[in-house]
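Asker: I am sharing query01.cif, which consists of mmCIF, C-alpha atoms:
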data_start
#
loop_
_atom_site.label_atom_id
_atom_site.label_comp_id
_atom_site.auth_asym_id
_atom_site.auth_seq_id
_atom_site.Cartn_x
_atom_site.Cartn_y
_atom_site.Cartn_z
CA MET Y 11 72.89 188.69 113.52
CA ASN Y 12 72.14 192.41 113.46
CA PRO Y 13 68.45 193.12 112.78
CA THR Y 14 67.22 194.34 109.42
CA VAL Y 15 65.61 197.70 110.20
CA TYR Y 16 63.36 199.63 107.84
CA PHE Y 17 62.62 203.33 108.28
CA VAL Y 18 59.15 203.86 106.77
CA ILE Y 19 58.34 207.46 105.80
CA PRO Y 20 55.09 208.53 104.09
CA CYS Y 21 55.66 211.55 101.84
CA TYR Y 22 53.19 214.06 100.43
CA ASN Y 23 54.63 217.17 98.76
CA GLU Y 24 57.89 216.95 100.71
CA GLN Y 25 60.31 218.23 98.08
CA GLU Y 26 61.69 220.97 100.38
CA VAL Y 27 62.76 218.59 103.16
CA LEU Y 28 63.22 215.17 101.58
CA GLU Y 29 66.93 215.38 100.73
CA GLU Y 30 67.83 216.61 104.22
CA THR Y 31 65.67 213.88 105.75
CA VAL Y 32 67.46 211.15 103.77
CA LYS Y 33 70.83 212.71 104.56
CA ARG Y 34 70.20 212.55 108.32
CA LEU Y 35 68.64 209.09 108.21
CA THR Y 36 71.57 207.79 106.14
CA ALA Y 37 74.01 209.07 108.77
CA LYS Y 38 71.88 207.50 111.49
CA MET Y 39 71.71 204.19 109.63
CA ASP Y 40 75.51 204.13 109.25
CA SER Y 41 75.88 204.81 112.97
CA MET Y 42 73.41 202.08 113.89
CA ARG Y 43 75.18 199.56 111.67
CA GLU Y 44 78.49 200.39 113.37
CA ARG Y 45 76.87 199.82 116.77
CA GLY Y 46 75.29 196.52 115.70
CA LEU Y 47 71.74 197.91 115.83
CA ALA Y 48 71.05 197.51 112.11
CA GLY Y 49 72.08 194.91 109.56
CA ASP Y 50 73.40 195.28 106.01
CA LYS Y 51 69.91 194.89 104.49
CA SER Y 52 68.42 197.77 106.45
CA ARG Y 53 66.71 200.37 104.28
CA ILE Y 54 64.97 203.76 104.16
CA LEU Y 55 61.54 203.26 102.53
CA LEU Y 56 59.89 206.42 101.17
CA VAL Y 57 56.20 206.17 100.24
CA ASN Y 58 55.01 208.79 97.77
CA ASP Y 59 51.34 209.46 98.53
CA GLY Y 60 50.31 210.99 95.20
CA SER Y 61 52.45 214.11 95.62
CA LYS Y 62 51.83 216.98 93.22
CA ASP Y 63 55.36 218.36 93.38
CA SER Y 64 58.69 216.71 92.49
CA THR Y 65 58.72 214.38 95.50
CA TRP Y 66 58.73 211.20 93.38
CA GLU Y 67 61.49 212.49 91.08
CA ILE Y 68 63.63 213.19 94.15
CA ILE Y 69 62.90 209.73 95.56
CA THR Y 70 63.89 208.15 92.24
CA ARG Y 71 67.18 210.06 92.17
CA LEU Y 72 67.96 209.28 95.79
CA HIS Y 73 67.24 205.61 95.11
CA GLU Y 74 69.87 205.64 92.36
CA GLU Y 75 72.45 207.53 94.43
CA ASN Y 76 71.91 206.05 97.89
CA GLY Y 77 72.06 202.32 98.52
CA TYR Y 78 69.70 202.60 101.49
CA VAL Y 79 66.81 204.33 99.73
CA GLU Y 80 63.82 202.44 98.37
CA GLY Y 81 60.63 204.01 97.09
CA VAL Y 82 56.96 203.13 96.73
CA LYS Y 83 54.72 205.21 94.47
CA LEU Y 84 50.99 205.09 95.13
CA ALA Y 85 48.75 205.46 92.08
CA HIS Y 86 46.95 208.41 93.71
CA ASN Y 87 46.68 210.23 97.02
CA ARG Y 88 45.20 207.99 99.72
CA GLY Y 89 46.00 209.94 102.87
CA HIS Y 90 48.70 209.65 105.52
CA GLN Y 91 47.34 206.58 107.31
CA ASN Y 92 46.93 204.53 104.14
CA ALA Y 93 50.36 205.57 102.84
CA LEU Y 94 51.95 204.61 106.15
CA PHE Y 95 50.11 201.29 106.19
CA CYS Y 96 51.30 200.59 102.63
CA GLY Y 97 54.90 201.25 103.65
CA LEU Y 98 54.62 198.97 106.67
CA MET Y 99 53.09 196.15 104.62
CA THR Y 100 55.78 196.57 101.95
CA ALA Y 101 58.52 196.38 104.58
CA MET Y 102 56.95 193.48 106.49
CA PRO Y 103 58.44 190.54 104.53
CA LEU Y 104 61.80 192.32 104.15
CA CYS Y 105 62.60 193.41 107.69
CA ASP Y 106 62.93 192.27 111.28
CA CYS Y 107 61.38 195.52 112.47
CA ALA Y 108 60.09 198.74 110.92
CA ILE Y 109 60.11 202.24 112.39
CA SER Y 110 57.57 204.72 111.07
CA LEU Y 111 58.33 208.43 111.22
CA ASP Y 112 57.42 211.66 109.47
CA ALA Y 113 59.40 213.21 106.63
CA ASP Y 114 59.49 216.69 108.17
CA LEU Y 115 62.23 215.86 110.72
CA GLN Y 116 60.01 216.73 113.67
CA ASP Y 117 60.49 213.22 115.03
CA ASP Y 118 63.88 213.08 116.77
CA VAL Y 119 66.11 210.77 114.68
CA ASP Y 120 68.56 210.49 117.58
CA ALA Y 121 65.94 208.42 119.41
CA LEU Y 122 66.03 205.68 116.73
CA ASP Y 123 68.79 203.79 118.56
CA LYS Y 124 66.59 203.50 121.65
CA PHE Y 125 63.76 202.01 119.59
CA VAL Y 126 65.97 199.20 118.31
CA GLU Y 127 67.51 198.63 121.74
CA LYS Y 128 64.01 198.08 123.14
CA PHE Y 129 63.30 195.71 120.23
CA LEU Y 130 66.43 193.69 120.98
CA GLU Y 131 65.26 193.46 124.60
CA GLY Y 132 62.15 191.63 123.39
CA CYS Y 133 59.57 194.33 122.64
CA ASP Y 134 57.38 193.89 119.58
CA VAL Y 135 56.01 197.43 119.67
CA VAL Y 136 57.84 200.54 120.87
CA TYR Y 137 55.92 203.82 121.04
CA GLY Y 138 57.57 207.19 120.61
CA VAL Y 139 56.04 209.52 123.21
CA ARG Y 140 56.61 213.25 123.35
CA ASN Y 141 58.13 214.64 126.55
CA LYS Y 142 56.28 217.92 126.10
CA ARG Y 143 54.39 219.93 123.47
CA ASP Y 144 56.32 223.21 123.64
CA THR Y 145 56.60 223.45 119.86
CA ASP Y 146 52.79 223.42 119.44
CA THR Y 147 50.53 226.45 119.58
CA TRP Y 148 48.30 226.81 122.64
CA PHE Y 149 45.28 225.81 120.56
CA LYS Y 150 46.88 222.69 119.12
CA ARG Y 151 48.36 221.61 122.46
CA THR Y 152 45.06 222.07 124.32
CA THR Y 153 42.91 220.35 121.71
CA ALA Y 154 45.38 217.46 121.22
CA GLU Y 155 45.68 216.68 124.92
CA GLY Y 156 41.93 217.06 125.35
CA TYR Y 157 41.35 214.68 122.44
CA TYR Y 158 43.47 211.94 124.03
CA LYS Y 159 41.50 212.31 127.25
CA ILE Y 160 38.19 212.09 125.37
CA LEU Y 161 39.34 208.91 123.63
CA HIS Y 162 40.16 207.34 126.98
CA LEU Y 163 36.75 208.34 128.35
CA LEU Y 164 35.14 206.67 125.34
CA GLY Y 165 37.08 203.46 125.95
CA VAL Y 166 39.62 203.79 123.12
CA ASP Y 167 43.04 202.38 124.03
CA VAL Y 168 45.57 204.95 122.78
CA VAL Y 169 48.98 206.02 124.07
CA PHE Y 170 48.94 209.58 125.41
CA ASN Y 171 51.03 212.05 123.36
CA HIS Y 172 51.93 209.38 120.80
CA ALA Y 173 51.40 209.96 117.07
CA ASP Y 174 52.86 207.57 114.49
CA TYR Y 175 56.51 207.47 115.59
CA ARG Y 176 56.82 203.80 116.56
CA LEU Y 177 58.70 200.55 116.00
CA MET Y 178 56.91 197.33 115.10
CA SER Y 179 58.46 193.90 114.81
CA ARG Y 180 57.69 191.66 111.87
CA ARG Y 181 55.42 189.61 114.12
CA ALA Y 182 53.50 192.76 115.10
CA LEU Y 183 53.27 193.82 111.43
CA GLU Y 184 51.86 190.42 110.50
CA ALA Y 185 49.24 190.85 113.23
CA LEU Y 186 48.44 194.35 111.96
CA SER Y 187 47.95 192.99 108.44
CA GLU Y 188 45.02 190.91 109.72
CA TYR Y 189 42.99 194.04 110.46
CA LYS Y 190 40.90 194.61 107.35
CA GLU Y 191 39.06 197.88 108.02
CA VAL Y 192 39.22 200.53 105.32
CA ASN Y 193 39.01 203.49 107.71
CA LEU Y 194 42.46 203.36 109.29
CA PHE Y 195 43.43 204.89 112.63
CA LEU Y 196 46.75 203.23 113.39
CA ARG Y 197 47.15 204.89 116.79
CA GLY Y 198 44.13 202.92 117.92
CA MET Y 199 44.80 199.74 115.94
CA VAL Y 200 48.38 199.04 117.08
CA PRO Y 201 47.55 198.81 120.83
CA LEU Y 202 44.95 196.15 119.96
CA ILE Y 203 47.74 193.79 118.86
CA GLY Y 204 48.66 193.16 122.47
CA TYR Y 205 52.29 192.04 122.18
CA LYS Y 206 54.97 193.25 124.58
CA SER Y 207 55.46 196.99 124.24
CA ASP Y 208 57.47 199.83 125.73
CA TYR Y 209 58.00 203.57 125.31
CA VAL Y 210 60.76 205.87 124.10
CA TYR Y 211 60.44 209.49 125.20
CA TYR Y 212 61.74 212.23 122.92
CA ASP Y 213 61.53 215.96 122.23
CA ARG Y 214 59.69 216.90 119.04
CA HIS Y 215 61.41 219.51 116.86
CA GLU Y 216 60.10 222.27 114.65
CA ARG Y 217 59.36 221.33 111.06
CA PHE Y 218 62.60 221.59 109.03
CA ALA Y 219 60.98 223.12 105.91
CA GLY Y 220 57.71 223.33 104.00
CA GLU Y 221 54.21 223.45 105.43
CA SER Y 222 52.30 221.03 107.63
CA LYS Y 223 50.33 218.42 105.71
CA TYR Y 224 47.83 218.19 108.57
CA PRO Y 225 45.76 221.40 108.62
CA LEU Y 226 42.85 221.78 111.02
CA LYS Y 227 40.37 220.14 108.63
CA LYS Y 228 42.45 216.95 108.33
CA MET Y 229 43.15 216.89 112.05
CA ILE Y 230 39.42 217.01 112.79
CA ALA Y 231 38.76 214.25 110.24
CA LEU Y 232 41.45 212.04 111.82
CA ALA Y 233 40.05 212.74 115.28
CA LEU Y 234 36.54 211.71 114.22
CA ASP Y 235 37.97 208.58 112.57
CA GLY Y 236 39.60 207.65 115.84
CA ILE Y 237 36.38 208.01 117.80
CA THR Y 238 33.94 206.38 115.37
CA SER Y 239 36.30 203.54 114.43
CA PHE Y 240 36.93 202.35 117.98
CA SER Y 241 34.02 203.36 120.17
CA VAL Y 242 30.23 203.01 120.02
CA LYS Y 243 29.76 205.06 123.19
CA PRO Y 244 28.53 208.11 121.22
CA LEU Y 245 25.60 205.96 120.05
CA LYS Y 246 24.93 204.84 123.62
CA LEU Y 247 25.09 208.46 124.78
CA ILE Y 248 22.47 209.37 122.19
CA SER Y 249 20.20 206.59 123.49
CA ASN Y 250 20.69 207.73 127.07
CA PHE Y 251 20.08 211.32 126.06
CA GLY Y 252 16.84 210.28 124.33
CA VAL Y 253 15.63 208.57 127.51
CA ILE Y 254 16.46 211.64 129.63
CA VAL Y 255 14.70 214.02 127.23
CA SER Y 256 11.65 211.71 127.18
CA ILE Y 257 11.47 211.72 130.97
CA LEU Y 258 11.86 215.49 131.11
CA SER Y 259 9.17 215.91 128.47
CA VAL Y 260 6.72 213.93 130.66
CA PHE Y 261 7.42 216.26 133.57
CA GLY Y 262 7.04 219.20 131.21
CA LEU Y 263 3.68 217.91 130.05
CA LEU Y 264 2.49 217.46 133.63
CA TYR Y 265 3.63 220.98 134.50
CA ALA Y 266 1.81 222.36 131.43
CA LEU Y 267 -1.43 220.57 132.37
CA ILE Y 268 -1.25 221.70 135.99
CA SER Y 269 -0.53 225.28 134.92
CA TYR Y 270 -3.47 225.22 132.50
CA PHE Y 271 -6.02 223.96 135.01
CA ALA Y 272 -4.66 226.14 137.81
CA GLY Y 273 -4.74 229.24 135.66
CA TRP Y 274 -0.96 229.84 135.86
CA ALA Y 275 -0.35 229.70 132.12
CA VAL Y 276 1.40 232.77 130.72
CA SER Y 277 1.12 233.55 127.03
CA GLY Y 278 4.40 233.93 125.13
CA TRP Y 279 6.37 232.40 122.37
CA THR Y 280 10.01 232.83 123.55
CA ALA Y 281 10.13 229.66 125.62
CA ILE Y 282 8.43 227.67 122.89
CA VAL Y 283 10.75 228.92 120.15
CA CYS Y 284 13.86 228.37 122.28
CA SER Y 285 12.82 224.83 123.19
CA ILE Y 286 12.03 223.98 119.55
CA TRP Y 287 15.40 225.27 118.35
CA LEU Y 288 17.24 223.50 121.17
CA LEU Y 289 15.62 220.13 120.58
CA GLY Y 290 15.86 220.55 116.81
CA GLY Y 291 19.59 221.26 117.04
CA LEU Y 292 20.15 218.31 119.34
CA GLN Y 293 18.22 216.06 116.98
CA MET Y 294 20.35 217.20 114.04
CA LEU Y 295 23.50 216.58 116.08
CA CYS Y 296 22.35 213.07 116.99
CA LEU Y 297 21.46 212.33 113.38
CA GLY Y 298 24.91 213.53 112.36
CA VAL Y 299 26.60 211.15 114.80
CA VAL Y 300 24.47 208.23 113.61
CA GLY Y 301 25.14 209.24 110.00
CA GLY Y 302 28.88 209.16 110.68
CA TYR Y 303 28.63 205.54 111.78
CA VAL Y 304 26.42 204.66 108.80
CA GLY Y 305 28.98 206.25 106.50
CA LYS Y 306 31.69 204.10 108.10
CA ILE Y 307 29.61 200.99 107.46
CA TYR Y 308 29.07 202.09 103.85
CA SER Y 309 32.83 202.43 103.31
CA GLU Y 310 33.63 199.13 104.98
CA VAL Y 311 31.07 196.94 103.21
CA LYS Y 312 32.32 198.08 99.79
CA ALA Y 313 35.74 196.71 100.79
CA ARG Y 314 37.63 198.72 98.19
CA PRO Y 315 41.45 198.49 98.23
CA ARG Y 316 43.10 200.86 100.68
CA TYR Y 317 45.73 201.84 98.10
CA ARG Y 318 47.21 200.88 94.75
CA VAL Y 319 50.99 200.60 94.30
CA GLU Y 320 52.08 201.94 90.93
CA GLU Y 321 55.82 201.40 91.29
CA PHE Y 322 58.28 199.93 93.78
CA LEU Y 323 61.95 200.92 93.62
CA GLN Y 324 63.81 198.19 95.50
CA GLN Y 325 67.53 197.95 96.06
CA PRO Y 326 69.08 194.78 94.62
CA PRO Y 327 69.96 192.15 97.25
CA GLU Y 328 73.55 192.29 98.43
CA GLU Y 329 75.77 189.43 97.40
#
Could you rewrite the structure in this file as structure tokens?
Answerer:
Amino acid sequence: MNPTVYFVIPCYNEQEVLEETVKRLTAKMDSMRERGLAGDKSRILLVNDGSKDSTWEIITRLHEENGYVEGVKLAHNRGHQNALFCGLMTAMPLCDCAISLDADLQDDVDALDKFVEKFLEGCDVVYGVRNKRDTDTWFKRTTAEGYYKILHLLGVDVVFNHADYRLMSRRALEALSEYKEVNLFLRGMVPLIGYKSDYVYYDRHERFAGESKYPLKKMIALALDGITSFSVKPLKLISNFGVIVSILSVFGLLYALISYFAGWAVSGWTAIVCSIWLLGGLQMLCLGVVGGYVGKIYSEVKARPRYRVEEFLQQPPEE
């Protein structure tokens, strides 16, 4: 039988693009059904992440007009990763596989067929990987590629140039549901599942309409989540740095004593002030890194729910 495929799309203030997104995904779903890549129960699942515009009203109307569209309304804004996770967990018992993608039409919908073809060949996870980053600014391209390299150096298993455009089988989704951390970084969590995986390469488009929901502040926060959630090497680096500074301080003390007794000492405050500021700044940086990990522990031990579903608009089962 043809697989039941769910397109899972987190939405936050996407009123400008949502109707066009559903229009294109509906055409793609029809095409995939004709080719035997999607079954009759396949759906488009839109997750409203506490939008402040008319996103939910549009989802409700599209649900009534379009037999593919289903909607999940979160009780309040929980962030992209939590909204995406909610959509995947909602789709898990209803689908054979789920494909997550953004609402802004930057992810190439023409690549969706290749995802399902890889799934039918036996892959549980299929990663969408960008061919190039020509649509990004120089700053974003340089920092993004540098970030992936830093993650690899810190021992985090991530797929280079992959965001959240991926297919996951029901078996992979069930495995993902067993991960209970509150601080989600799905790009690092999914590779931990370990099932058979493959890649689909695609060209990322310009945003169809509206503004990016990932400004620099959120990008930095997500980057720090990725590092602190999957690697303790920053803490080890701090320990190593402390040992090095301690050794250097011993040599500095010996040099100071020798200079004093040999009469080489030169009066002045510049070197002292500079060294105090340097070590003070490094100490504050190290405390900040440790504090980041403590904050993660604080969030995890409270074990609060990742999200709260207020409403689920589900299409009636076909006879």
Asker: What lies within 9 Å of range 207-210 of chain Y using all atoms listed in the file, ignoring chain neighbours under 4 positions off, as a short mmCIF file (atom, residue, chain, number, x, y, z; two decimals) with C-alpha atoms, in the frame of the given file?
Answerer:
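Produced file around.cif, reproduced below:
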data_model
loop_
_atom_site.label_atom_id
_atom_site.label_comp_id
_atom_site.auth_asym_id
_atom_site.auth_seq_id
_atom_site.Cartn_x
_atom_site.Cartn_y
_atom_site.Cartn_z
CA ALA Y 121 65.94 208.42 119.41
CA LYS Y 124 66.59 203.50 121.65
CA PHE Y 125 63.76 202.01 119.59
CA LYS Y 128 64.01 198.08 123.14
CA PHE Y 129 63.30 195.71 120.23
CA GLY Y 132 62.15 191.63 123.39
CA CYS Y 133 59.57 194.33 122.64
CA ASP Y 134 57.38 193.89 119.58
CA VAL Y 135 56.01 197.43 119.67
CA VAL Y 136 57.84 200.54 120.87
CA TYR Y 137 55.92 203.82 121.04
CA GLY Y 138 57.57 207.19 120.61
CA VAL Y 139 56.04 209.52 123.21
CA ARG Y 140 56.61 213.25 123.35
CA ARG Y 176 56.82 203.80 116.56
CA PRO Y 201 47.55 198.81 120.83
#
Asker: Between CA of Ile248 in chain Y and CA of Cys296 in chain Y, what is the spacing in Å?
Answerer: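 Here the two named atoms are 6.4 Å from each other.
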Asker: Tell me which protein, DNA and RNA residues are within 8 Å of Arg318 in chain Y, counting all atoms listed in the file, leaving out same-chain ones fewer than 2 positions away, and put them as a list of chain:residue names.
Answerer: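 Returned residues: Y:Leu84, Y:Ala85, Y:His86, Y:Pro315, Y:Arg316, Y:Glu320.
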Asker: Between Y:Ala313, Y:Val166, Y:Val300, Y:Leu264, which has the minimum distance to Val192 in chain Y (counting only C-alpha atoms)?
Answerer: Y:Ala313
Asker: Rounded to one decimal, what separation in Å do you get between CA of Gly252 in chain Y and CA of Gly305 in chain Y?
Answerer: 21.9 Å
Asker: List every protein, DNA or RNA residue that has an atom no more than 12 Å from (52.3, 209.9, 120.9) in the file's coordinate frame, counting all atoms listed in the file, and report them as a PyMOL selection string.
Answerer: chain Y and resi 111+117+136-143+154-155+158+168-176+196-198+209-214
Asker: Between Y:Glu75, Y:Asn92, Y:Asp120, Y:Val15, which is the closest to Arg34 in chain Y once you count only C-alpha atoms?
Answerer: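 Selected residue with least distance to Arg34 in chain Y: Y:Asp120.
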Asker: What is the distance, in Å and to one decimal place, between CA of Gln25 in chain Y and CA of Gln116 in chain Y?
Answerer: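 Taking CA of Gln25 in chain Y and CA of Gln116 in chain Y, their separation equals 15.7 Å.
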Asker: Considering all atoms listed in the file, state which residue in the set Y:Leu161, Y:Asn23, Y:Leu323, Y:Arg88 is at the smallest distance from Ser64 in chain Y.
Answerer: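 Among the listed residues, Y:Asn23 lies closest to Ser64 in chain Y.
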Asker: How would you write as a count of residues only the residues that get within 10 Å of (69.3, 209.7, 98.4) in the file's frame, counting all atoms listed in the file?
Answerer: 22
Asker: Please write as a PyMOL selection string the full residue list that the PyMOL selection byres ((chain Y and resi 21) around 12) yields on this file.
Answerer: chain Y and resi 18-20+22-29+31-32+55-66+68-69+81-84+87-94+96-97+110-115+222-223
Asker: I'd like to know which of Y:Glu188, Y:Glu321, Y:Glu131, Y:Asp106 is closest to Asn12 in chain Y, using only C-alpha atoms.
Answerer: Y:Asp106
Asker: Using the chain letters and residue numbers of this document, give as a list in words the residues selected by the PyMOL selection byres ((chain Y and resi 187) around 12).
Answerer: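 Given this file, the PyMOL selection byres ((chain Y and resi 187) around 12) evaluates to Phe95, Cys96, Gly97, Leu98, Met99, Thr100, Ala101, Met102, Pro103, Met178, Arg180, Arg181, Ala182, Leu183, Glu184, Ala185, Leu186, Glu188, Tyr189, Lys190, Glu191, Val192, Leu194, Leu196, Met199, Val200 and Ile203 of chain Y.
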Asker: Write the selection just made, keeping C-alpha atoms, as a PDB file, in the coordinates of the input?
Answerer:
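Contents of again-v8.pdb, as written:
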ATOM      1  CA  PHE Y  95      50.110 201.290 106.190  1.00  0.00           C
ATOM      2  CA  CYS Y  96      51.300 200.590 102.630  1.00  0.00           C
ATOM      3  CA  GLY Y  97      54.900 201.250 103.650  1.00  0.00           C
ATOM      4  CA  LEU Y  98      54.620 198.970 106.670  1.00  0.00           C
ATOM      5  CA  MET Y  99      53.090 196.150 104.620  1.00  0.00           C
ATOM      6  CA  THR Y 100      55.780 196.570 101.950  1.00  0.00           C
ATOM      7  CA  ALA Y 101      58.520 196.380 104.580  1.00  0.00           C
ATOM      8  CA  MET Y 102      56.950 193.480 106.490  1.00  0.00           C
ATOM      9  CA  PRO Y 103      58.440 190.540 104.530  1.00  0.00           C
ATOM     10  CA  MET Y 178      56.910 197.330 115.100  1.00  0.00           C
ATOM     11  CA  ARG Y 180      57.690 191.660 111.870  1.00  0.00           C
ATOM     12  CA  ARG Y 181      55.420 189.610 114.120  1.00  0.00           C
ATOM     13  CA  ALA Y 182      53.500 192.760 115.100  1.00  0.00           C
ATOM     14  CA  LEU Y 183      53.270 193.820 111.430  1.00  0.00           C
ATOM     15  CA  GLU Y 184      51.860 190.420 110.500  1.00  0.00           C
ATOM     16  CA  ALA Y 185      49.240 190.850 113.230  1.00  0.00           C
ATOM     17  CA  LEU Y 186      48.440 194.350 111.960  1.00  0.00           C
ATOM     18  CA  GLU Y 188      45.020 190.910 109.720  1.00  0.00           C
ATOM     19  CA  TYR Y 189      42.990 194.040 110.460  1.00  0.00           C
ATOM     20  CA  LYS Y 190      40.900 194.610 107.350  1.00  0.00           C
ATOM     21  CA  GLU Y 191      39.060 197.880 108.020  1.00  0.00           C
ATOM     22  CA  VAL Y 192      39.220 200.530 105.320  1.00  0.00           C
ATOM     23  CA  LEU Y 194      42.460 203.360 109.290  1.00  0.00           C
ATOM     24  CA  LEU Y 196      46.750 203.230 113.390  1.00  0.00           C
ATOM     25  CA  MET Y 199      44.800 199.740 115.940  1.00  0.00           C
ATOM     26  CA  VAL Y 200      48.380 199.040 117.080  1.00  0.00           C
ATOM     27  CA  ILE Y 203      47.740 193.790 118.860  1.00  0.00           C
TER      28      ILE Y 203
END
Asker: When you count all atoms listed in the file, which of these residues is closest to Gly46 in chain Y: Y:Pro244, Y:Gly298, Y:Pro327, Y:Pro13?
Answerer: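 Answer, going by the shortest atom-to-atom distance: Y:Pro13.
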